[in-house]
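Peer 1: I'm passing along input39.cif; it holds mmCIF, C-alpha atoms.
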data_my_file
#
loop_
_atom_site.group_PDB
_atom_site.id
_atom_site.type_symbol
_atom_site.label_atom_id
_atom_site.label_comp_id
_atom_site.auth_asym_id
_atom_site.auth_seq_id
_atom_site.Cartn_x
_atom_site.Cartn_y
_atom_site.Cartn_z
ATOM 1 C CA MET W 9 1.589 -14.280 -15.279
ATOM 2 C CA ASP W 10 4.682 -12.973 -13.546
ATOM 3 C CA ILE W 11 5.080 -9.318 -12.626
ATOM 4 C CA THR W 12 8.685 -8.235 -12.223
ATOM 5 C CA LEU W 13 9.581 -5.302 -9.985
ATOM 6 C CA GLN W 14 12.825 -3.565 -9.066
ATOM 7 C CA PRO W 15 13.808 -1.992 -5.736
ATOM 8 C CA LEU W 16 13.550 1.797 -6.039
ATOM 9 C CA ALA W 17 15.166 2.560 -2.692
ATOM 10 C CA PHE W 18 16.546 0.847 0.403
ATOM 11 C CA VAL W 19 15.950 1.221 4.134
ATOM 12 C CA THR W 20 18.742 1.904 6.626
ATOM 13 C CA ASN W 21 17.996 1.762 10.340
ATOM 14 C CA ASN W 22 19.156 0.167 13.585
ATOM 15 C CA ARG W 23 16.635 -2.660 13.447
ATOM 16 C CA LYS W 24 18.540 -5.756 12.391
ATOM 17 C CA ASP W 25 16.306 -8.527 13.706
ATOM 18 C CA ILE W 26 12.929 -9.668 12.491
ATOM 19 C CA THR W 27 10.694 -9.206 15.504
ATOM 20 C CA ASP W 28 7.055 -8.213 15.756
ATOM 21 C CA ASP W 29 6.772 -5.355 18.238
ATOM 22 C CA TYR W 30 8.291 -2.106 19.520
ATOM 23 C CA TRP W 31 8.671 -0.065 16.348
ATOM 24 C CA GLY W 32 7.759 3.264 17.952
ATOM 25 C CA ARG W 33 11.292 4.628 18.364
ATOM 26 C CA VAL W 34 12.751 3.483 15.067
ATOM 27 C CA ILE W 35 13.873 6.228 12.688
ATOM 28 C CA SER W 36 14.655 5.002 9.182
ATOM 29 C CA GLU W 37 16.581 6.465 6.299
ATOM 30 C CA ILE W 38 15.284 5.670 2.833
ATOM 31 C CA GLN W 39 17.810 6.248 0.062
ATOM 32 C CA LEU W 40 16.872 6.066 -3.612
ATOM 33 C CA ALA W 41 18.520 3.343 -5.667
ATOM 34 C CA ASP W 42 21.241 4.474 -8.062
ATOM 35 C CA HIS W 43 19.023 4.303 -11.155
ATOM 36 C CA ILE W 44 16.376 6.663 -9.705
ATOM 37 C CA PRO W 45 17.084 10.399 -10.098
ATOM 38 C CA THR W 46 16.711 12.735 -7.151
ATOM 39 C CA ALA W 47 14.029 14.603 -9.122
ATOM 40 C CA ALA W 48 11.659 11.750 -8.250
ATOM 41 C CA LEU W 49 11.405 13.256 -4.736
ATOM 42 C CA GLU W 50 10.784 16.851 -5.867
ATOM 43 C CA GLY W 51 8.165 18.517 -3.665
ATOM 44 C CA ILE W 52 7.709 15.553 -1.352
ATOM 45 C CA GLU W 53 8.442 17.746 1.692
ATOM 46 C CA ALA W 54 5.014 19.350 1.219
ATOM 47 C CA PHE W 55 3.478 16.117 2.513
ATOM 48 C CA SER W 56 3.606 15.208 6.202
ATOM 49 C CA HIS W 57 3.036 11.476 5.660
ATOM 50 C CA LEU W 58 3.981 8.890 3.031
ATOM 51 C CA GLU W 59 2.947 5.358 2.201
ATOM 52 C CA ILE W 60 5.855 2.973 1.777
ATOM 53 C CA ILE W 61 5.386 -0.298 -0.087
ATOM 54 C CA PHE W 62 8.285 -2.618 0.605
ATOM 55 C CA HIS W 63 9.379 -6.195 0.132
ATOM 56 C CA PHE W 64 9.675 -8.551 3.108
ATOM 57 C CA ASN W 65 12.796 -9.924 1.468
ATOM 58 C CA GLN W 66 13.843 -11.995 4.476
ATOM 59 C CA ALA W 67 10.474 -13.696 4.876
ATOM 60 C CA GLU W 68 10.752 -17.332 3.849
ATOM 61 C CA LYS W 69 8.225 -18.893 1.522
ATOM 62 C CA LYS W 70 8.071 -22.068 3.594
ATOM 63 C CA ASP W 71 6.627 -20.055 6.506
ATOM 64 C CA MET W 72 3.649 -18.789 4.506
ATOM 65 C CA VAL W 73 0.280 -20.337 5.348
ATOM 66 C CA PHE W 74 -3.051 -19.147 3.988
ATOM 67 C CA SER W 75 -4.798 -19.139 7.372
ATOM 68 C CA GLY W 76 -4.068 -19.636 11.035
ATOM 69 C CA HIS W 77 -4.228 -18.079 14.476
ATOM 70 C CA PRO W 78 -2.664 -14.579 14.438
ATOM 71 C CA ARG W 79 0.830 -14.883 15.971
ATOM 72 C CA GLY W 80 -0.011 -18.507 16.704
ATOM 73 C CA ASN W 81 -2.171 -17.442 19.626
ATOM 74 C CA PRO W 82 -5.016 -19.968 20.068
ATOM 75 C CA ALA W 83 -7.049 -17.337 21.948
ATOM 76 C CA TRP W 84 -7.427 -15.479 18.658
ATOM 77 C CA PRO W 85 -9.602 -16.932 15.867
ATOM 78 C CA VAL W 86 -8.282 -18.745 12.812
ATOM 79 C CA THR W 87 -7.862 -15.947 10.286
ATOM 80 C CA GLY W 88 -7.017 -15.778 6.598
ATOM 81 C CA ILE W 89 -3.773 -14.214 5.432
ATOM 82 C CA PHE W 90 -5.659 -11.331 3.753
ATOM 83 C CA ALA W 91 -7.267 -10.452 7.093
ATOM 84 C CA MET W 92 -3.807 -10.155 8.697
ATOM 85 C CA ARG W 93 -0.802 -7.916 7.996
ATOM 86 C CA LYS W 94 1.957 -10.403 8.874
ATOM 87 C CA LYS W 95 5.085 -10.674 6.750
ATOM 88 C CA ASP W 96 4.662 -14.302 5.711
ATOM 89 C CA ARG W 97 2.192 -13.684 2.905
ATOM 90 C CA PRO W 98 1.879 -14.332 -0.815
ATOM 91 C CA ASN W 99 4.036 -11.777 -2.665
ATOM 92 C CA ALA W 100 5.613 -10.672 0.657
ATOM 93 C CA LEU W 101 4.547 -7.038 0.277
ATOM 94 C CA GLY W 102 4.699 -4.721 3.275
ATOM 95 C CA LEU W 103 2.868 -1.427 3.495
ATOM 96 C CA THR W 104 3.066 1.253 6.156
ATOM 97 C CA VAL W 105 2.163 4.907 6.575
ATOM 98 C CA VAL W 106 5.175 6.840 7.845
ATOM 99 C CA GLU W 107 5.765 10.357 9.033
ATOM 100 C CA LEU W 108 8.252 12.261 6.884
ATOM 101 C CA ILE W 109 10.812 13.947 9.138
ATOM 102 C CA LYS W 110 13.054 15.476 6.481
ATOM 103 C CA ARG W 111 14.513 15.054 3.025
ATOM 104 C CA GLU W 112 18.080 15.696 1.924
ATOM 105 C CA GLY W 113 18.811 15.085 -1.768
ATOM 106 C CA ASN W 114 17.953 11.483 -2.553
ATOM 107 C CA LYS W 115 17.356 10.503 1.076
ATOM 108 C CA LEU W 116 14.289 10.610 3.301
ATOM 109 C CA TRP W 117 14.158 10.213 7.074
ATOM 110 C CA VAL W 118 10.926 8.725 8.345
ATOM 111 C CA ARG W 119 9.274 7.608 11.563
ATOM 112 C CA ASN W 120 7.034 4.542 12.027
ATOM 113 C CA LEU W 121 8.441 2.358 9.264
ATOM 114 C CA ASP W 122 8.222 -1.245 10.454
ATOM 115 C CA ALA W 123 10.841 -2.586 8.064
ATOM 116 C CA ILE W 124 14.288 -3.843 9.048
ATOM 117 C CA ASP W 125 17.667 -2.571 7.883
ATOM 118 C CA GLY W 126 18.324 -3.300 4.201
ATOM 119 C CA THR W 127 14.681 -3.707 3.195
ATOM 120 C CA PRO W 128 14.018 -2.969 -0.512
ATOM 121 C CA VAL W 129 11.385 -0.293 -1.141
ATOM 122 C CA LEU W 130 9.043 -0.813 -4.099
ATOM 123 C CA ASP W 131 7.028 2.405 -4.036
ATOM 124 C CA ILE W 132 6.612 5.681 -2.176
ATOM 125 C CA LYS W 133 3.288 7.537 -2.348
ATOM 126 C CA PRO W 134 2.135 10.732 -0.654
ATOM 127 C CA VAL W 135 -0.706 10.488 1.867
ATOM 128 C CA MET W 136 -3.656 12.633 0.827
ATOM 129 C CA LYS W 137 -6.657 13.071 3.099
ATOM 130 C CA GLU W 138 -8.873 12.157 0.174
ATOM 131 C CA PHE W 139 -7.411 8.628 0.177
ATOM 132 C CA LEU W 140 -7.957 7.931 3.866
ATOM 133 C CA PRO W 141 -10.768 5.550 4.855
ATOM 134 C CA ALA W 142 -14.225 7.073 4.532
ATOM 135 C CA GLY W 143 -16.655 6.370 7.362
ATOM 136 C CA GLU W 144 -16.173 4.552 10.634
ATOM 137 C CA ILE W 145 -13.482 1.896 10.897
ATOM 138 C CA ARG W 146 -14.470 -1.448 12.327
ATOM 139 C CA GLN W 147 -11.954 -4.151 13.222
ATOM 140 C CA PRO W 148 -12.016 -7.316 15.352
ATOM 141 C CA ASP W 149 -10.887 -7.277 18.981
ATOM 142 C CA TRP W 150 -7.957 -9.618 18.328
ATOM 143 C CA SER W 151 -6.352 -7.057 16.024
ATOM 144 C CA SER W 152 -6.491 -4.297 18.638
ATOM 145 C CA GLU W 153 -5.006 -6.650 21.239
ATOM 146 C CA LEU W 154 -2.243 -7.716 18.859
ATOM 147 C CA MET W 155 -1.283 -4.098 18.183
ATOM 148 C CA GLN W 156 -0.901 -3.074 21.837
ATOM 149 C CA GLN W 157 2.924 -3.217 21.922
ATOM 150 C CA TYR W 158 3.528 -2.563 18.246
ATOM 151 C CA TRP W 159 4.331 1.140 18.265
ATOM 152 C CA LYS W 160 5.824 1.303 21.780
ATOM 153 C CA MET N 25 17.749 -7.583 -8.225
ATOM 154 C CA ASP N 26 14.390 -8.545 -9.669
ATOM 155 C CA ILE N 27 11.408 -9.288 -7.447
ATOM 156 C CA THR N 28 8.818 -11.512 -9.068
ATOM 157 C CA LEU N 29 5.181 -11.370 -7.988
ATOM 158 C CA GLN N 30 2.020 -13.208 -9.012
ATOM 159 C CA PRO N 31 -1.533 -11.846 -9.201
ATOM 160 C CA LEU N 32 -3.492 -13.137 -6.210
ATOM 161 C CA ALA N 33 -6.871 -11.895 -7.386
ATOM 162 C CA PHE N 34 -8.498 -9.923 -10.183
ATOM 163 C CA VAL N 35 -10.869 -6.957 -10.305
ATOM 164 C CA THR N 36 -14.193 -7.023 -12.145
ATOM 165 C CA ASN N 37 -16.189 -3.800 -12.556
ATOM 166 C CA ASN N 38 -17.877 -1.631 -15.174
ATOM 167 C CA ARG N 39 -14.911 0.707 -15.565
ATOM 168 C CA LYS N 40 -13.261 -0.221 -18.847
ATOM 169 C CA ASP N 41 -11.395 2.977 -19.710
ATOM 170 C CA ILE N 42 -8.341 4.493 -18.106
ATOM 171 C CA THR N 43 -9.533 7.902 -16.947
ATOM 172 C CA ASP N 44 -8.597 9.941 -13.899
ATOM 173 C CA ASP N 45 -11.788 11.013 -12.149
ATOM 174 C CA TYR N 46 -15.272 9.973 -11.032
ATOM 175 C CA TRP N 47 -14.605 6.776 -9.111
ATOM 176 C CA GLY N 48 -17.228 7.412 -6.426
ATOM 177 C CA ARG N 49 -19.960 5.171 -7.796
ATOM 178 C CA VAL N 50 -17.824 2.247 -8.896
ATOM 179 C CA ILE N 51 -18.460 -1.058 -7.109
ATOM 180 C CA SER N 52 -15.805 -3.690 -7.782
ATOM 181 C CA GLU N 53 -15.716 -7.427 -7.346
ATOM 182 C CA ILE N 54 -12.383 -8.935 -6.353
ATOM 183 C CA GLN N 55 -12.107 -12.661 -6.992
ATOM 184 C CA LEU N 56 -9.181 -14.729 -5.750
ATOM 185 C CA ALA N 57 -6.979 -16.341 -8.375
ATOM 186 C CA ASP N 58 -7.398 -20.093 -8.805
ATOM 187 C CA HIS N 59 -4.249 -20.958 -6.848
ATOM 188 C CA ILE N 60 -5.361 -19.072 -3.711
ATOM 189 C CA PRO N 61 -7.672 -20.993 -1.353
ATOM 190 C CA THR N 62 -10.827 -19.363 -0.018
ATOM 191 C CA ALA N 63 -9.433 -19.811 3.516
ATOM 192 C CA ALA N 64 -7.159 -16.816 2.773
ATOM 193 C CA LEU N 65 -10.232 -14.582 3.297
ATOM 194 C CA GLU N 66 -11.369 -16.199 6.579
ATOM 195 C CA GLY N 67 -12.573 -13.550 9.029
ATOM 196 C CA ILE N 68 -12.062 -10.629 6.664
ATOM 197 C CA GLU N 69 -15.704 -9.539 7.152
ATOM 198 C CA ALA N 70 -14.773 -8.344 10.649
ATOM 199 C CA PHE N 71 -12.930 -5.439 9.006
ATOM 200 C CA SER N 72 -14.835 -2.519 7.485
ATOM 201 C CA HIS N 73 -11.964 -1.383 5.224
ATOM 202 C CA LEU N 74 -9.161 -3.034 3.286
ATOM 203 C CA GLU N 75 -6.018 -1.882 1.542
ATOM 204 C CA ILE N 76 -5.670 -3.181 -1.986
ATOM 205 C CA ILE N 77 -2.268 -3.207 -3.691
ATOM 206 C CA PHE N 78 -2.693 -3.697 -7.410
ATOM 207 C CA HIS N 79 -0.746 -3.543 -10.645
ATOM 208 C CA PHE N 80 -1.395 -0.787 -13.185
ATOM 209 C CA ASN N 81 -0.970 -3.416 -15.867
ATOM 210 C CA GLN N 82 -2.172 -1.170 -18.685
ATOM 211 C CA ALA N 83 0.174 1.688 -17.835
ATOM 212 C CA GLU N 84 2.887 1.942 -20.476
ATOM 213 C CA LYS N 85 6.517 2.260 -19.479
ATOM 214 C CA LYS N 86 7.141 4.880 -22.140
ATOM 215 C CA ASP N 87 4.712 7.241 -20.338
ATOM 216 C CA MET N 88 6.654 7.152 -17.058
ATOM 217 C CA VAL N 89 8.619 10.289 -16.180
ATOM 218 C CA PHE N 90 10.341 10.916 -12.853
ATOM 219 C CA SER N 91 8.954 14.441 -12.437
ATOM 220 C CA GLY N 92 6.530 16.840 -14.052
ATOM 221 C CA HIS N 93 3.442 18.944 -13.512
ATOM 222 C CA PRO N 94 0.637 16.847 -11.970
ATOM 223 C CA ARG N 95 -1.802 15.954 -14.776
ATOM 224 C CA GLY N 96 0.293 18.172 -17.045
ATOM 225 C CA ASN N 97 -1.250 21.268 -15.481
ATOM 226 C CA PRO N 98 1.314 24.118 -15.590
ATOM 227 C CA ALA N 99 -0.542 25.871 -12.744
ATOM 228 C CA TRP N 100 0.668 23.095 -10.430
ATOM 229 C CA PRO N 101 4.354 22.815 -9.502
ATOM 230 C CA VAL N 102 6.813 20.379 -11.044
ATOM 231 C CA THR N 103 6.583 17.385 -8.745
ATOM 232 C CA GLY N 104 8.477 14.125 -8.385
ATOM 233 C CA ILE N 105 6.785 10.832 -9.097
ATOM 234 C CA PHE N 106 7.015 9.795 -5.399
ATOM 235 C CA ALA N 107 5.073 12.927 -4.430
ATOM 236 C CA MET N 108 2.243 11.919 -6.787
ATOM 237 C CA ARG N 109 -0.055 8.883 -6.945
ATOM 238 C CA LYS N 110 -0.411 8.663 -10.742
ATOM 239 C CA LYS N 111 -0.343 5.315 -12.511
ATOM 240 C CA ASP N 112 2.701 5.986 -14.685
ATOM 241 C CA ARG N 113 5.329 5.226 -12.058
ATOM 242 C CA PRO N 114 8.269 2.896 -11.519
ATOM 243 C CA ASN N 115 6.913 -0.582 -10.664
ATOM 244 C CA ALA N 116 3.369 0.545 -11.586
ATOM 245 C CA LEU N 117 1.929 -0.260 -8.162
ATOM 246 C CA GLY N 118 -1.491 1.082 -7.205
ATOM 247 C CA LEU N 119 -2.742 1.296 -3.642
ATOM 248 C CA THR N 120 -6.175 2.260 -2.368
ATOM 249 C CA VAL N 121 -8.215 1.929 0.807
ATOM 250 C CA VAL N 122 -11.605 0.434 0.001
ATOM 251 C CA GLU N 123 -14.768 -0.193 1.942
ATOM 252 C CA LEU N 124 -15.687 -3.864 2.182
ATOM 253 C CA ILE N 125 -19.345 -4.301 1.274
ATOM 254 C CA LYS N 126 -19.601 -8.080 1.504
ATOM 255 C CA ARG N 127 -17.797 -11.341 0.973
ATOM 256 C CA GLU N 128 -19.138 -14.499 -0.646
ATOM 257 C CA GLY N 129 -16.734 -17.449 -0.788
ATOM 258 C CA ASN N 130 -13.645 -16.352 -2.701
ATOM 259 C CA LYS N 131 -15.136 -13.020 -3.798
ATOM 260 C CA LEU N 132 -15.198 -9.586 -2.187
ATOM 261 C CA TRP N 133 -17.336 -6.629 -3.186
ATOM 262 C CA VAL N 134 -15.774 -3.270 -2.446
ATOM 263 C CA ARG N 135 -16.415 0.449 -2.871
ATOM 264 C CA ASN N 136 -13.811 3.110 -3.768
ATOM 265 C CA LEU N 137 -11.363 0.957 -5.686
ATOM 266 C CA ASP N 138 -9.873 3.127 -8.458
ATOM 267 C CA ALA N 139 -8.741 0.224 -10.623
ATOM 268 C CA ILE N 140 -10.232 -0.732 -13.979
ATOM 269 C CA ASP N 141 -11.820 -4.013 -14.994
ATOM 270 C CA GLY N 142 -9.308 -6.860 -15.186
ATOM 271 C CA THR N 143 -6.702 -5.293 -12.905
ATOM 272 C CA PRO N 144 -4.441 -7.837 -11.158
ATOM 273 C CA VAL N 145 -4.404 -7.588 -7.356
ATOM 274 C CA LEU N 146 -1.070 -8.182 -5.595
ATOM 275 C CA ASP N 147 -2.103 -7.950 -1.952
ATOM 276 C CA ILE N 148 -5.093 -7.394 0.334
ATOM 277 C CA LYS N 149 -4.540 -6.120 3.874
ATOM 278 C CA PRO N 150 -7.010 -5.218 6.617
ATOM 279 C CA VAL N 151 -7.166 -1.590 7.744
ATOM 280 C CA MET N 152 -6.418 -1.261 11.451
ATOM 281 C CA LYS N 153 -6.752 2.044 13.235
ATOM 282 C CA GLU N 154 -3.266 1.541 14.623
ATOM 283 C CA PHE N 155 -1.832 1.806 11.082
ATOM 284 C CA LEU N 156 -3.552 5.060 10.148
ATOM 285 C CA PRO N 157 -1.445 8.247 10.017
ATOM 286 C CA ALA N 158 -0.543 9.596 13.452
ATOM 287 C CA GLY N 159 -0.827 13.354 13.915
ATOM 288 C CA GLU N 160 -2.075 16.034 11.592
ATOM 289 C CA ILE N 161 -1.898 15.465 7.839
ATOM 290 C CA ARG N 162 -0.355 18.183 5.723
ATOM 291 C CA GLN N 163 -0.478 18.198 1.931
ATOM 292 C CA PRO N 164 0.050 20.813 -0.785
ATOM 293 C CA ASP N 165 -2.845 22.769 -2.258
ATOM 294 C CA TRP N 166 -2.385 21.284 -5.736
ATOM 295 C CA SER N 167 -3.178 17.805 -4.417
ATOM 296 C CA SER N 168 -6.466 18.927 -2.853
ATOM 297 C CA GLU N 169 -7.442 20.690 -6.080
ATOM 298 C CA LEU N 170 -6.546 17.626 -8.145
ATOM 299 C CA MET N 171 -8.741 15.387 -5.985
ATOM 300 C CA GLN N 172 -11.900 17.502 -6.256
ATOM 301 C CA GLN N 173 -13.659 15.319 -8.847
ATOM 302 C CA TYR N 174 -11.953 12.066 -7.999
ATOM 303 C CA TRP N 175 -14.549 10.395 -5.824
ATOM 304 C CA LYS N 176 -17.637 11.989 -7.417
#
Could you render the structure as structure tokens?
Peer 2:
Amino acid sequence: MDITLQPLAFVTNNRKDITDDYWGRVISEIQLADHIPTAALEGIEAFSHLEIIFHFNQAEKKDMVFSGHPRGNPAWPVTGIFAMRKKDRPNALGLTVVELIKREGNKLWVRNLDAIDGTPVLDIKPVMKEFLPAGEIRQPDWSSELMQQYWK
Amino acid sequence: MDITLQPLAFVTNNRKDITDDYWGRVISEIQLADHIPTAALEGIEAFSHLEIIFHFNQAEKKDMVFSGHPRGNPAWPVTGIFAMRKKDRPNALGLTVVELIKREGNKLWVRNLDAIDGTPVLDIKPVMKEFLPAGEIRQPDWSSELMQQYWK
């Protein structure tokens, strides 16, 4: 049962290499694809944050494993792919909350998008408080350690 | 440039109809598809919340418009599809943060998944505090009004 999607927009930024950390200073431009009218962004400036679903189009299928040590670090427990956010995953979907800096016509400028230059965007959704996690968030220690340099 | 995805899991719950509101009491079971090994969920219980990307497979392409009044309500401003979270959207991707209740083998039970029975799941990611929105969240009044009955 195949599901076929089309890129709706593309990312432009100065991040050319696939590396794990240091995304904190990256500003990205997201421009709608030619077949999407500018009206699709109407009113988006009223939201401070957006969710971007994108395609890890440079991830290679051969690198995907269903479980393993996060980042190959044996100090961290063997973990399933659905308990990690790494790019080498079935369907190669990325997902990140970004801060919307500004919109001009069919372009958005955003902060905190951990996608490299040229990445195809598959959806853009507004962040609403009502969709944030309810209750206290619990996560394993390895994930907090892994994230220490991520947004620097 | 087509991107082809496969369902990785499927939703089972008692919500058979496509309606907008009253998702607060729905408990859903998410079972991995046959080609995904149970190891893909290893360690997921250490996370309290998950992000589920799913396919609005019953949304009809003919209902998709790039902008309009949210829920057809003329009291709310004309808004672009990327400033709304409705199901009738390009690529028909749904995305919701859920609370993980328990896992047994290749099944998860979750709360707050606004997807109907039979929905194909395209990705499961753990919620980490480091990926939540940074800074204050701003959203338009219409979106808060629209959400009033959503989780009841």
Peer 1: Output, as a tab-separated table (two decimals) with C-alpha atoms, keeping the file's coordinate frame, the coordinates of chain N following least-squares superposition onto chain W across all in-order C-alpha pairs.
Peer 2:
chain	number	residue	atom	x	y	z
N	25	MET	CA	1.59	-14.24	-15.33
N	26	ASP	CA	4.68	-12.97	-13.55
N	27	ILE	CA	5.08	-9.31	-12.63
N	28	THR	CA	8.68	-8.23	-12.23
N	29	LEU	CA	9.59	-5.30	-10.00
N	30	GLN	CA	12.84	-3.55	-9.08
N	31	PRO	CA	13.80	-2.00	-5.74
N	32	LEU	CA	13.55	1.78	-6.04
N	33	ALA	CA	15.15	2.55	-2.69
N	34	PHE	CA	16.54	0.85	0.39
N	35	VAL	CA	15.94	1.23	4.13
N	36	THR	CA	18.73	1.90	6.62
N	37	ASN	CA	17.99	1.76	10.36
N	38	ASN	CA	19.18	0.16	13.59
N	39	ARG	CA	16.64	-2.66	13.46
N	40	LYS	CA	18.55	-5.75	12.40
N	41	ASP	CA	16.32	-8.53	13.71
N	42	ILE	CA	12.94	-9.68	12.50
N	43	THR	CA	10.70	-9.22	15.53
N	44	ASP	CA	7.06	-8.21	15.77
N	45	ASP	CA	6.77	-5.35	18.26
N	46	TYR	CA	8.30	-2.11	19.52
N	47	TRP	CA	8.66	-0.07	16.34
N	48	GLY	CA	7.77	3.26	17.95
N	49	ARG	CA	11.28	4.62	18.37
N	50	VAL	CA	12.75	3.48	15.07
N	51	ILE	CA	13.88	6.23	12.69
N	52	SER	CA	14.65	4.99	9.19
N	53	GLU	CA	16.57	6.46	6.30
N	54	ILE	CA	15.28	5.67	2.83
N	55	GLN	CA	17.80	6.23	0.06
N	56	LEU	CA	16.87	6.05	-3.61
N	57	ALA	CA	18.51	3.33	-5.67
N	58	ASP	CA	21.24	4.47	-8.05
N	59	HIS	CA	19.02	4.29	-11.14
N	60	ILE	CA	16.37	6.65	-9.70
N	61	PRO	CA	17.08	10.38	-10.10
N	62	THR	CA	16.71	12.73	-7.14
N	63	ALA	CA	14.04	14.62	-9.12
N	64	ALA	CA	11.65	11.74	-8.24
N	65	LEU	CA	11.41	13.25	-4.73
N	66	GLU	CA	10.78	16.86	-5.86
N	67	GLY	CA	8.17	18.52	-3.66
N	68	ILE	CA	7.71	15.54	-1.36
N	69	GLU	CA	8.44	17.74	1.70
N	70	ALA	CA	5.02	19.35	1.23
N	71	PHE	CA	3.48	16.11	2.51
N	72	SER	CA	3.60	15.20	6.20
N	73	HIS	CA	3.04	11.45	5.65
N	74	LEU	CA	3.98	8.88	3.03
N	75	GLU	CA	2.95	5.35	2.20
N	76	ILE	CA	5.85	2.98	1.77
N	77	ILE	CA	5.38	-0.31	-0.10
N	78	PHE	CA	8.29	-2.61	0.60
N	79	HIS	CA	9.38	-6.20	0.13
N	80	PHE	CA	9.68	-8.56	3.10
N	81	ASN	CA	12.80	-9.93	1.47
N	82	GLN	CA	13.83	-11.99	4.48
N	83	ALA	CA	10.47	-13.70	4.87
N	84	GLU	CA	10.76	-17.34	3.86
N	85	LYS	CA	8.23	-18.90	1.53
N	86	LYS	CA	8.09	-22.06	3.60
N	87	ASP	CA	6.63	-20.04	6.52
N	88	MET	CA	3.65	-18.78	4.51
N	89	VAL	CA	0.28	-20.33	5.34
N	90	PHE	CA	-3.06	-19.13	3.98
N	91	SER	CA	-4.80	-19.13	7.37
N	92	GLY	CA	-4.06	-19.63	11.04
N	93	HIS	CA	-4.23	-18.06	14.47
N	94	PRO	CA	-2.66	-14.57	14.43
N	95	ARG	CA	0.84	-14.87	15.95
N	96	GLY	CA	0.00	-18.50	16.69
N	97	ASN	CA	-2.16	-17.43	19.63
N	98	PRO	CA	-5.00	-19.96	20.07
N	99	ALA	CA	-7.03	-17.33	21.96
N	100	TRP	CA	-7.43	-15.47	18.66
N	101	PRO	CA	-9.58	-16.92	15.87
N	102	VAL	CA	-8.27	-18.74	12.81
N	103	THR	CA	-7.85	-15.95	10.29
N	104	GLY	CA	-7.01	-15.78	6.60
N	105	ILE	CA	-3.78	-14.22	5.44
N	106	PHE	CA	-5.66	-11.32	3.75
N	107	ALA	CA	-7.27	-10.45	7.10
N	108	MET	CA	-3.81	-10.15	8.69
N	109	ARG	CA	-0.81	-7.91	7.99
N	110	LYS	CA	1.95	-10.40	8.86
N	111	LYS	CA	5.08	-10.66	6.74
N	112	ASP	CA	4.66	-14.30	5.72
N	113	ARG	CA	2.19	-13.71	2.90
N	114	PRO	CA	1.86	-14.33	-0.82
N	115	ASN	CA	4.03	-11.77	-2.67
N	116	ALA	CA	5.61	-10.68	0.65
N	117	LEU	CA	4.55	-7.05	0.28
N	118	GLY	CA	4.72	-4.73	3.27
N	119	LEU	CA	2.87	-1.44	3.49
N	120	THR	CA	3.07	1.25	6.15
N	121	VAL	CA	2.16	4.90	6.57
N	122	VAL	CA	5.17	6.83	7.84
N	123	GLU	CA	5.76	10.35	9.03
N	124	LEU	CA	8.24	12.26	6.89
N	125	ILE	CA	10.80	13.94	9.13
N	126	LYS	CA	13.04	15.48	6.48
N	127	ARG	CA	14.51	15.06	3.04
N	128	GLU	CA	18.08	15.69	1.94
N	129	GLY	CA	18.82	15.10	-1.75
N	130	ASN	CA	17.96	11.49	-2.55
N	131	LYS	CA	17.36	10.51	1.09
N	132	LEU	CA	14.28	10.62	3.30
N	133	TRP	CA	14.16	10.22	7.06
N	134	VAL	CA	10.93	8.74	8.35
N	135	ARG	CA	9.27	7.62	11.58
N	136	ASN	CA	7.03	4.54	12.02
N	137	LEU	CA	8.43	2.36	9.26
N	138	ASP	CA	8.22	-1.26	10.47
N	139	ALA	CA	10.84	-2.59	8.07
N	140	ILE	CA	14.29	-3.85	9.04
N	141	ASP	CA	17.66	-2.58	7.88
N	142	GLY	CA	18.32	-3.31	4.21
N	143	THR	CA	14.68	-3.71	3.19
N	144	PRO	CA	14.02	-2.97	-0.51
N	145	VAL	CA	11.39	-0.29	-1.15
N	146	LEU	CA	9.05	-0.82	-4.12
N	147	ASP	CA	7.03	2.39	-4.04
N	148	ILE	CA	6.61	5.68	-2.18
N	149	LYS	CA	3.29	7.53	-2.35
N	150	PRO	CA	2.12	10.73	-0.67
N	151	VAL	CA	-0.71	10.48	1.85
N	152	MET	CA	-3.66	12.64	0.83
N	153	LYS	CA	-6.65	13.08	3.09
N	154	GLU	CA	-8.88	12.16	0.17
N	155	PHE	CA	-7.41	8.63	0.18
N	156	LEU	CA	-7.96	7.93	3.87
N	157	PRO	CA	-10.77	5.54	4.86
N	158	ALA	CA	-14.23	7.08	4.54
N	159	GLY	CA	-16.66	6.38	7.38
N	160	GLU	CA	-16.18	4.56	10.64
N	161	ILE	CA	-13.49	1.89	10.89
N	162	ARG	CA	-14.47	-1.46	12.33
N	163	GLN	CA	-11.96	-4.16	13.22
N	164	PRO	CA	-12.02	-7.31	15.36
N	165	ASP	CA	-10.89	-7.28	18.98
N	166	TRP	CA	-7.95	-9.62	18.32
N	167	SER	CA	-6.35	-7.06	16.02
N	168	SER	CA	-6.50	-4.30	18.64
N	169	GLU	CA	-5.01	-6.64	21.24
N	170	LEU	CA	-2.25	-7.70	18.85
N	171	MET	CA	-1.28	-4.08	18.18
N	172	GLN	CA	-0.90	-3.07	21.84
N	173	GLN	CA	2.92	-3.20	21.93
N	174	TYR	CA	3.53	-2.56	18.26
N	175	TRP	CA	4.33	1.13	18.26
N	176	LYS	CA	5.85	1.31	21.77
Peer 1: For Trp31 in chain W, which residue among N:His93, N:Asn136, N:Met25, N:Phe155 is the nearest when counting all atoms listed in the file?
Peer 2: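 Using all atoms listed in the file, the shortest distance to Trp31 in chain W belongs to N:Phe155.
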Peer 1: Which residues of chain N are close to chain W, meaning at most 7 Å apart when you count all atoms listed in the file, and how do they look as a PyMOL selection string?
Peer 2: chain N and resi 25-30+63-68+70-73+90-91+103-109+115+120-121+146+148-150+152+154-157+161-164+171
Peer 1: Which centre and which edge lengths, in Å to one decimal, describe the axis-aligned box that holds all listed atoms of range 28-44 of chain W after 3 Å is added on each side, as JSON?
Peer 2:
{"center_x": 14.0, "center_y": -0.8, "center_z": 4.2, "size_x": 20.5, "size_y": 20.9, "size_z": 36.7}
